[in-house]
Amino acid sequence: MDLRALVAGIAEVDLTGDAGDSHVSGLAIDNRKIAPGNIFGAFQGSAANGENYIDAAIQAGAIAVVARPEAIVEGVVHIKDDQPRRLFALLAARYFTPSPSCVAAVTGTNGKTSTAELTRQLWRMAGLNSASIGTLGVTTASEQVKTGLTTPDIVTFLSNMSGLAREGVSHAIFEASSHGLAQYRTEGLPVQVGVFTNLSRDHLDYHGDMESYFEAKMRLFDEVLDADGTAVVWADDDEWSSKVSRRAMDRGLNLFTVGEKGTSLRLVSRMPTQLGQTLMVKANGNTHRIALPLIGSYQAANALCAAGVVLSTGGTLDDVFDHMQRLQPVRGRLERAVITAAGAPVYVDYAHTPDGLRAAIEALRPHVKGRLITVFGAGGDRDKGKRPEMGAVAADMSDVVLITDDNPRNEDPVAIRAEILAGAGDAQEVADRREAILTAITLAGQDDIVLLAGKGHEQGQIVGDRIIPFDDVEVARECARQASNEQVA
Ligand SMILES: CC(=O)N[C@H]1[C@@H](OP(=O)(O)OP(=O)(O)OC[C@H]2O[C@@H](n3ccc(=O)[nH]c3=O)[C@H](O)[C@@H]2O)O[C@H](CO)[C@@H](O)[C@@H]1O[C@H](C)C(=O)N[C@@H](C)C(=O)N[C@H](CCC(=O)O)C(=O)O
Ligand SMILES: Nc1ncnc2c1ncn2[C@@H]1O[C@H](COP(=O)(O)OP(=O)(O)OP(=O)(O)O)[C@@H](O)[C@H]1O
Ligand SMILES: N[C@H](CCC[C@H](N)C(=O)O)C(=O)O
Ligand SMILES: [Mg+2]
């Protein structure tokens, strides 16, 4: 495609001479990734100003630069816009084609990865070639490739979407994080369904306050979703659900509400069983019984949101409810890592917000006869205000709490732990995560349950710029072996 064709109808650009005839060979938002013939997107970011790299991008062969009108672009085409990220996304979407014919997006503080993964599974069980893009990476039926972020940058996102379509994927769902939405990382391709799971405290370091955080999420329904699309809304978030539904209705979207207060899929009752739960769900006037093989009300919520997506994209009630009974667990979400020699199950969960921690503990509580022992920390370079709140939730709802490290990044781990401890009453502090896990496992008796929260599927502990290999599930198994050997010795 030449530059003239790429910008036509999207941007007003001065293409005097033969500039419009240049062949566009790709797009990049980082000058270090520019190849000859690329278009460079120069954006002002939170750590750097991309406009400072315009000259370097041109040196590397950029033929055009998308940037604010006031940026200085010399010698190549300047594609000017006050919102360069938005305009760049539109050009990238025209470049990276085709895309899967059916695309859905999920936003919310917690439950995005789970809802995306469960939707992918339900589509697949319906015989569709499906994929998801999110925290776990790009996932298809046969492989998983990490991207590093929940919502990848726009070039990675759109190039992956078109790659999936070329491989035959017809149905794709992606996680729209608030950072991703605010930075226009997922624009340009048609999105038929948007899901809202819930909103609670997280990422206030970036968004400032809850209203701004909420508004960032609402871009999904206000702008990203197709005008004739469907909003699947979890109806039981008392503070935010009705606001989301109203936004969706104001824009004339189809509304599909799910939950105890939902009307499209009404959760009538929920009974925990040993390895899962029985849901009674009312839809189209009939009540259906679903044996969901996942524990915890939060997993029921995510599974019902996933059902909402599939039902909004052509699935039938009977099929979807039947398939829900065969869902596989999502990696690192209430994953049972091991049962200790004493008989205590050890669960790994990705809870990294106060509300997530509450949800994970509530999920396990019906299964605890003795004590619930919770081990967790909080990530560095992230919202500090959530730390004492997480401490308070863990202390109020667990019988024993061990505070440890979770990705300190560039912060002092001692200070992070102190901030959690400020809300956590008489919680114990065990700095080293492996030692904390071993302590919990050694403490746990046959009626107890251990919860290792915060890292879920993660494979490393981020300390400064280093990533030290660390997998909660593996470490739990190793510690269980060690504790058992020490008992025998
Ligand atoms: C705060 C944040 O969201 N940062 C992300 C964002 O940075 P930014 O746009 O502010 O960019 P910047 O680093 O300030 O640089 C500005 C521009 O200059 C360019 N640049 C920069 C340096 C250089 O040498 N050359 C160059 O061209 C950059 O490519 C960028 O376009 O875009 C970058 C490029 O895609 C990301 O790498 C970066 O992720 C950082 C590492 C990060 O930690 N992000 C986290 C907070 C994040 O995005 N998390 C969300 C939510 C997680 C969840 O709750 O699920 C996610 O979606 O993962
Ligand atoms: N519907 C829900 N309601 C409350 N808590 C939930 C819900 N779903 C998940 N959680 C909690 O949040 C954790 C993370 O879940 P998941 O990975 O699905 O969320 P996410 O929104 O993708 O998170 P991230 O923002 O890191 O991408 C879970 O391990 C669980 O503790
Ligand atoms: N996507 C979330 C993941 C947090 C996971 C936790 N282990 C941490 O490092 O804080 C974030 O970037 O805030
Ligand atoms: Mg996620």
# chains A, B, ... in the order shown; residues from 1 in each chain; ligands from 1

call {"tool": "residues_near_ligand", "arguments": {"ligand": "ligand 4", "cutoff": "8 Å", "atoms": "only C-alpha atoms and all ligand atoms", "output": "ChimeraX atom specification"}}
result
/A:110-114,134-136,150,175,177

call {"tool": "residues_near_ligand", "arguments": {"ligand": "ligand 3", "cutoff": "6 Å", "atoms": "only C-alpha atoms and all ligand atoms", "output": "JSON, numbers by chain"}}
result
{"A": [352, 378, 379, 406, 407, 454, 455]}

call {"tool": "residues_around", "arguments": {"residues": "Gly370 in chain A", "least_positions_apart": "4", "cutoff": "8 Å", "atoms": "only C-alpha atoms", "output": "PDB file with C-alpha atoms, in the first residue's frame"}}
result
ATOM      1  CA  GLY A 445      -2.740 -28.617  59.330  1.00  0.00           C
ATOM      2  CA  GLN A 446      -5.164 -31.023  57.723  1.00  0.00           C
ATOM      3  CA  ASP A 447      -8.236 -28.759  58.059  1.00  0.00           C
ATOM      4  CA  ASP A 448      -6.440 -25.624  56.854  1.00  0.00           C
ATOM      5  CA  ILE A 449      -6.168 -24.018  53.414  1.00  0.00           C
TER       6      ILE A 449
END

call {"tool": "residues_near_ligand", "arguments": {"ligand": "ligand 1", "cutoff": "6 Å", "atoms": "only C-alpha atoms and all ligand atoms", "output": "list of chain:residue names"}}
result
A:Ile29, A:Asp30, A:Asn31, A:Phe43, A:Gln44, A:Gly45, A:Ser46, A:Ala47, A:Ala48, A:Asn49, A:Gly50, A:Tyr53, A:Leu149, A:Thr150, A:Thr151, A:Asp153, A:Ser177, A:His179, A:Gly180

call {"tool": "write_last_selection", "arguments": {"atoms": "C-alpha atoms", "output": "PDB file, in the first residue's frame"}}
result
ATOM      1  CA  ILE A  29       5.872   3.606  17.869  1.00  0.00           C
ATOM      2  CA  ASP A  30       9.456   3.127  19.015  1.00  0.00           C
ATOM      3  CA  ASN A  31      12.285   4.572  16.921  1.00  0.00           C
ATOM      4  CA  PHE A  43       3.670  10.184  21.274  1.00  0.00           C
ATOM      5  CA  GLN A  44       4.157  12.018  24.532  1.00  0.00           C
ATOM      6  CA  GLY A  45       4.264   9.323  27.200  1.00  0.00           C
ATOM      7  CA  SER A  46       4.614   9.112  30.937  1.00  0.00           C
ATOM      8  CA  ALA A  47       8.286   8.103  30.946  1.00  0.00           C
ATOM      9  CA  ALA A  48       9.519   9.648  27.677  1.00  0.00           C
ATOM     10  CA  ASN A  49       8.483  11.987  24.863  1.00  0.00           C
ATOM     11  CA  GLY A  50       8.390  10.147  21.548  1.00  0.00           C
ATOM     12  CA  TYR A  53      13.000  10.419  18.754  1.00  0.00           C
ATOM     13  CA  LEU A 149       1.380  -6.333  28.766  1.00  0.00           C
ATOM     14  CA  THR A 150      -2.330  -7.036  29.354  1.00  0.00           C
ATOM     15  CA  THR A 151      -3.250  -4.787  26.457  1.00  0.00           C
ATOM     16  CA  ASP A 153       0.750  -1.600  22.176  1.00  0.00           C
ATOM     17  CA  SER A 177      -7.075  -2.420  30.304  1.00  0.00           C
ATOM     18  CA  HIS A 179      -4.059   2.025  30.388  1.00  0.00           C
ATOM     19  CA  GLY A 180      -4.714   0.473  26.993  1.00  0.00           C
TER      20      GLY A 180
END

call {"tool": "residues_near_ligand", "arguments": {"ligand": "ligand 2", "cutoff": "7 Å", "atoms": "only C-alpha atoms and all ligand atoms", "output": "PyMOL selection string"}}
result
chain A and resi 108-115+135+150+177+197-198+298-299+301-302+332-334+349-352+355-357+359-360+456

call {"tool": "write_last_selection", "arguments": {"atoms": "C-alpha atoms", "output": "CSV table (one decimal), in the first residue's frame"}}
result
chain,number,residue,atom,x,y,z
A,108,GLY,CA,-13.1,-4.1,34.4
A,109,THR,CA,-10.7,-4.1,37.4
A,110,ASN,CA,-10.8,-7.8,37.9
A,111,GLY,CA,-11.9,-10.7,35.8
A,112,LYS,CA,-10.8,-9.7,32.4
A,113,THR,CA,-8.3,-12.5,31.8
A,114,SER,CA,-10.7,-15.1,33.3
A,115,THR,CA,-13.7,-13.8,31.2
A,135,THR,CA,-2.4,-10.8,30.4
A,150,THR,CA,-2.3,-7.0,29.4
A,177,SER,CA,-7.1,-2.4,30.3
A,197,THR,CA,-16.9,-7.1,34.9
A,198,ASN,CA,-16.6,-4.7,37.8
A,298,TYR,CA,-16.1,-14.6,41.3
A,299,GLN,CA,-15.5,-17.5,38.8
A,301,ALA,CA,-19.5,-14.2,37.6
A,302,ASN,CA,-16.8,-14.5,35.0
A,332,GLY,CA,-3.3,-19.0,38.2
A,333,ARG,CA,-6.9,-18.2,39.1
A,334,LEU,CA,-7.7,-20.3,42.2
A,349,ASP,CA,-4.6,-16.9,42.8
A,350,TYR,CA,-3.8,-13.7,40.9
A,351,ALA,CA,-5.6,-11.4,43.4
A,352,HIS,CA,-3.6,-8.1,43.4
A,355,ASP,CA,-11.4,-6.5,45.9
A,356,GLY,CA,-9.6,-9.4,44.2
A,357,LEU,CA,-8.2,-10.5,47.6
A,359,ALA,CA,-13.1,-12.4,46.1
A,360,ALA,CA,-10.4,-15.1,46.4
A,456,GLY,CA,-1.0,-16.3,39.7

call {"tool": "residues_around", "arguments": {"residues": "range 408-415 of chain A", "least_positions_apart": "3", "cutoff": "7 Å", "atoms": "only C-alpha atoms", "output": "PyMOL selection string"}}
result
chain A and resi 379-381+405+418-419+462-465

call {"tool": "select_by_dssp", "arguments": {"residues": "range 222-362 of chain A", "states": "helix (DSSP H, G or I)", "output": "ChimeraX atom specification"}}
result
/A:222-224,241-250,297-312,317-324,354-362

call {"tool": "closest_residue", "arguments": {"among": "A:Glu260, A:Glu215, A:Asp205, A:Asp250", "to": "Asp238 in chain A", "atoms": "only C-alpha atoms"}}
result
A:Glu260

call {"tool": "atom_distance", "arguments": {"atom1": "CA of Ile373 in chain A", "atom2": "CA of His203 in chain A"}}
result
26.7 Å

call {"tool": "residues_around", "arguments": {"residues": "Ile63 in chain A", "least_positions_apart": "5", "cutoff": "7 Å", "atoms": "only C-alpha atoms", "output": "list of chain:residue names"}}
result
A:Gly37, A:Asn38, A:Ile39, A:Ile58, A:Val76, A:Val77
